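S.K.: My questions all concern the structure below.
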Amino acid sequence: MDVAFAWPSPDRPTPPRRAPVSAPGPEDAERPAAAQILAIAERGDRSAFTLLFVRFAPKVKAFLIRRGAAAPEELAQEVMLSVWRKAAYFDPARGTGEAWIFAIARNALIDSLRRQRGLPLVEMDPVAGASEPTRGDVELEAAQDARRVRAAVRALSPEQIEVVKLSFFDDRPHPEIAERLGLPLGTVKSRLRLAMKRLRSLLDEVR
Amino acid sequence: MSASHPVPETLAAYASGGLKTGARLVLSVHLRACAACRKQTERLERLGGALLADEPPAAMEAGALARALAALDAAEPPRRMGLDEAMRQGIWLPLGPGVAIKRLGRIADPGERLFLIRAAGGRPLPEHGHTGPERLVVLAGAFEDAQGRYGQGDLVERGPQDRHQPIACEGETCLCISVTEGPLKLSGVARWVQPMLGV
């Protein structure tokens, strides 16, 4: 006797078409991830996967270690395999390639906790799979976004980055951050608020 | 943000992976319906991506890349329960005329209590307080309480001290998902069912 209901239709607009642009120029080690993810999506490009793996697997592993994952090496492998499998769902209009990998790593962390407890895995992304496959014409834009977001984070003071990292990236509660940094709780909260406010205005410029 | 959206802290916890599964499910229903909160979430995920990109690497074991490449074609995605399937779990328990509740035990993480609540138009949803914060999202229909009216996709967050008396709006059955982190405190006629539900 379940009640039938209709999903609210995802009202995400389709990404605007843009004039095709040439591929990003010569890149350093900080080349944004979007181009490689799109190459995997479009042609199962193994060399693109190799580039992504070499650069991101160790970073994902470091993130998983920070979060206290039980088997960070295996989990980082799983994350990278998910990147390969899900590449077609990456939508550069929704965020950077780095953000997409971050979300996969974050979800893998939740999955691993549920697996340890013998619980079924649950679909976690509200619009997973809902996007139209995207073409390379938004590639450059996605790459520029990634650079600007990184620049925004790097423009914060080291103290601000520290609290943002502990709070958001490490998912530590404010009292624990205060204790770890030897700061009053109020200072941690106001520092975090200022940092997020600043980031907000910087990140808003991205879209 | 009005009362029918999650507070920024909740969106940050969602984006960083700090929410338990039941709460994620409730949030994801809202995010499907709400472009503004989705945009906020995407912004926070971009922050996560930037922090990840700047993270000092932890070296993978020797042969890790070769193992990954060898696994690419064999990789079978793990089976995942979608929301529709999740909602078919469990058994409806009637709490009164036109009102029923069921617990989605295996969907929630330990420590969480996740419920589907159903009330026919004009019927009160089970009155309850809770010992922990509650998050509730409307899947279908609408309800109102002292604070306002909530329709499909609207999300309500309430502190443990709040007691509220939501009533399903006339004309349509209201279906909600609720998640709490502490035991519910049902009142009145609904109390008897508490030990049975394990709430």
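The way I read the labels, and the way they are meant: chains A, B, ... in the order of the structure tokens, residue 1 as the first residue of every chain, and ligand 1 as the first ligand shown, with later ones counted on from there.
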Using only C-alpha atoms and a cut-off of 7 Å, which residues of chain B sit close to chain A? Please list them as a count of residues only.
M.R.: 37
S.K.: Using DSSP secondary structure from the backbone, list all strand (DSSP E) positions within region 94-191 of chain B, as a PyMOL selection string.
M.R.: chain B and resi 94-96+99-103+113-119+128-130+134-140+143-145+148-150+155-158+167-168+174-180+184-186
S.K.: Between A:Leu52, A:Leu192, A:Ala69, A:Ala34, which has the minimum distance to Leu69 (chain B) (counting only C-alpha atoms)?
M.R.: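 Closest to Leu69 (chain B) of all the choices is A:Leu52.
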S.K.: Once DSSP has gone over the backbone, tell me which residues of region 6-199 of chain B are in alpha helix (DSSP H), as a PDB file with C-alpha atoms, in the first residue's frame.
M.R.:
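Wrote it out as states05.pdb, contents follow:
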```pdb
ATOM      1  CA  PRO B   8      24.245  26.033   5.437  1.00  0.00           C
ATOM      2  CA  GLU B   9      25.941  23.797   8.024  1.00  0.00           C
ATOM      3  CA  THR B  10      23.815  20.887   6.865  1.00  0.00           C
ATOM      4  CA  LEU B  11      24.711  21.497   3.213  1.00  0.00           C
ATOM      5  CA  ALA B  12      28.393  21.663   4.158  1.00  0.00           C
ATOM      6  CA  ALA B  13      28.091  18.374   6.050  1.00  0.00           C
ATOM      7  CA  TYR B  14      26.350  16.830   3.034  1.00  0.00           C
ATOM      8  CA  ALA B  15      29.036  18.044   0.636  1.00  0.00           C
ATOM      9  CA  SER B  16      31.930  16.939   2.824  1.00  0.00           C
ATOM     10  CA  THR B  21      23.082   7.814   5.116  1.00  0.00           C
ATOM     11  CA  GLY B  22      19.498   8.482   6.250  1.00  0.00           C
ATOM     12  CA  ALA B  23      20.191  12.206   6.446  1.00  0.00           C
ATOM     13  CA  ARG B  24      21.886  12.095   3.023  1.00  0.00           C
ATOM     14  CA  LEU B  25      18.793  10.457   1.595  1.00  0.00           C
ATOM     15  CA  VAL B  26      16.530  13.143   3.059  1.00  0.00           C
ATOM     16  CA  LEU B  27      18.864  15.860   1.734  1.00  0.00           C
ATOM     17  CA  SER B  28      19.060  14.275  -1.702  1.00  0.00           C
ATOM     18  CA  VAL B  29      15.255  14.432  -2.042  1.00  0.00           C
ATOM     19  CA  HIS B  30      15.415  18.145  -1.315  1.00  0.00           C
ATOM     20  CA  LEU B  31      18.372  18.696  -3.654  1.00  0.00           C
ATOM     21  CA  ARG B  32      16.496  17.057  -6.515  1.00  0.00           C
ATOM     22  CA  ALA B  33      13.810  19.683  -6.137  1.00  0.00           C
ATOM     23  CA  ALA B  35      18.166  24.409  -7.627  1.00  0.00           C
ATOM     24  CA  ALA B  36      19.380  27.002  -5.095  1.00  0.00           C
ATOM     25  CA  CYS B  37      20.577  24.404  -2.570  1.00  0.00           C
ATOM     26  CA  ARG B  38      22.057  22.326  -5.366  1.00  0.00           C
ATOM     27  CA  LYS B  39      24.085  25.315  -6.442  1.00  0.00           C
ATOM     28  CA  GLN B  40      25.323  25.808  -2.877  1.00  0.00           C
ATOM     29  CA  THR B  41      26.271  22.138  -2.698  1.00  0.00           C
ATOM     30  CA  GLU B  42      28.138  22.314  -5.976  1.00  0.00           C
ATOM     31  CA  ARG B  43      30.037  25.338  -4.698  1.00  0.00           C
ATOM     32  CA  LEU B  44      31.062  23.383  -1.586  1.00  0.00           C
ATOM     33  CA  GLU B  45      32.098  20.414  -3.701  1.00  0.00           C
ATOM     34  CA  ARG B  46      34.318  22.722  -5.752  1.00  0.00           C
ATOM     35  CA  LEU B  47      35.945  23.740  -2.479  1.00  0.00           C
ATOM     36  CA  GLY B  48      36.463  20.054  -1.661  1.00  0.00           C
ATOM     37  CA  GLY B  49      37.977  19.530  -5.107  1.00  0.00           C
ATOM     38  CA  ALA B  50      40.383  22.423  -4.664  1.00  0.00           C
ATOM     39  CA  LEU B  51      41.488  21.118  -1.259  1.00  0.00           C
ATOM     40  CA  LEU B  52      41.936  17.661  -2.756  1.00  0.00           C
ATOM     41  CA  ALA B  53      44.066  19.056  -5.583  1.00  0.00           C
ATOM     42  CA  ALA B  64      48.946   0.140  -7.910  1.00  0.00           C
ATOM     43  CA  LEU B  65      48.552   1.686 -11.352  1.00  0.00           C
ATOM     44  CA  ALA B  66      49.077  -1.659 -13.136  1.00  0.00           C
ATOM     45  CA  ARG B  67      46.432  -3.230 -10.903  1.00  0.00           C
ATOM     46  CA  ALA B  68      44.002  -0.428 -11.656  1.00  0.00           C
ATOM     47  CA  LEU B  69      44.581  -0.659 -15.422  1.00  0.00           C
ATOM     48  CA  ALA B  70      44.086  -4.427 -15.315  1.00  0.00           C
ATOM     49  CA  ALA B  71      40.817  -3.968 -13.447  1.00  0.00           C
ATOM     50  CA  LEU B  83      15.386   5.715  -3.279  1.00  0.00           C
ATOM     51  CA  ASP B  84      12.333   4.030  -4.823  1.00  0.00           C
ATOM     52  CA  GLU B  85      13.632   0.613  -3.819  1.00  0.00           C
ATOM     53  CA  ALA B  86      14.625   1.886  -0.379  1.00  0.00           C
ATOM     54  CA  MET B  87      11.095   3.092   0.227  1.00  0.00           C
ATOM     55  CA  GLN B 194       6.901   2.916  20.081  1.00  0.00           C
ATOM     56  CA  PRO B 195       8.382  -0.274  21.594  1.00  0.00           C
ATOM     57  CA  MET B 196       7.136  -2.236  18.626  1.00  0.00           C
ATOM     58  CA  LEU B 197       8.813   0.035  16.098  1.00  0.00           C
TER      59      LEU B 197
END
```
S.K.: What does the structure give for the distance between CA of Ala100 (chain B) and CA of Ala120 (chain B), in Å to one decimal?
M.R.: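 Separation of CA of Ala100 (chain B) and CA of Ala120 (chain B): 9.2 Å.
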S.K.: At a cut-off of 10 Å, using only C-alpha atoms, what residues contact Ile177 (chain A)? Leave out same-chain residues fewer than 6 positions from it and give the result as a PDB file with C-alpha atoms, in the first residue's frame.
M.R.:
```pdb
ATOM      1  CA  GLU A 162      43.728  25.452   8.327  1.00  0.00           C
ATOM      2  CA  VAL A 163      40.259  25.795   9.865  1.00  0.00           C
ATOM      3  CA  LEU A 166      39.891  20.730   9.493  1.00  0.00           C
ATOM      4  CA  SER A 167      36.200  21.545   9.414  1.00  0.00           C
ATOM      5  CA  ASP A 171      34.912  16.783   8.988  1.00  0.00           C
ATOM      6  CA  LEU A 183      42.158  28.464  20.230  1.00  0.00           C
ATOM      7  CA  PRO A 184      38.935  29.600  21.898  1.00  0.00           C
ATOM      8  CA  LEU A 185      35.853  28.065  20.273  1.00  0.00           C
ATOM      9  CA  VAL A 188      37.490  29.024  15.433  1.00  0.00           C
ATOM     10  CA  LYS A 189      33.889  29.808  14.545  1.00  0.00           C
TER      11      LYS A 189
END
```
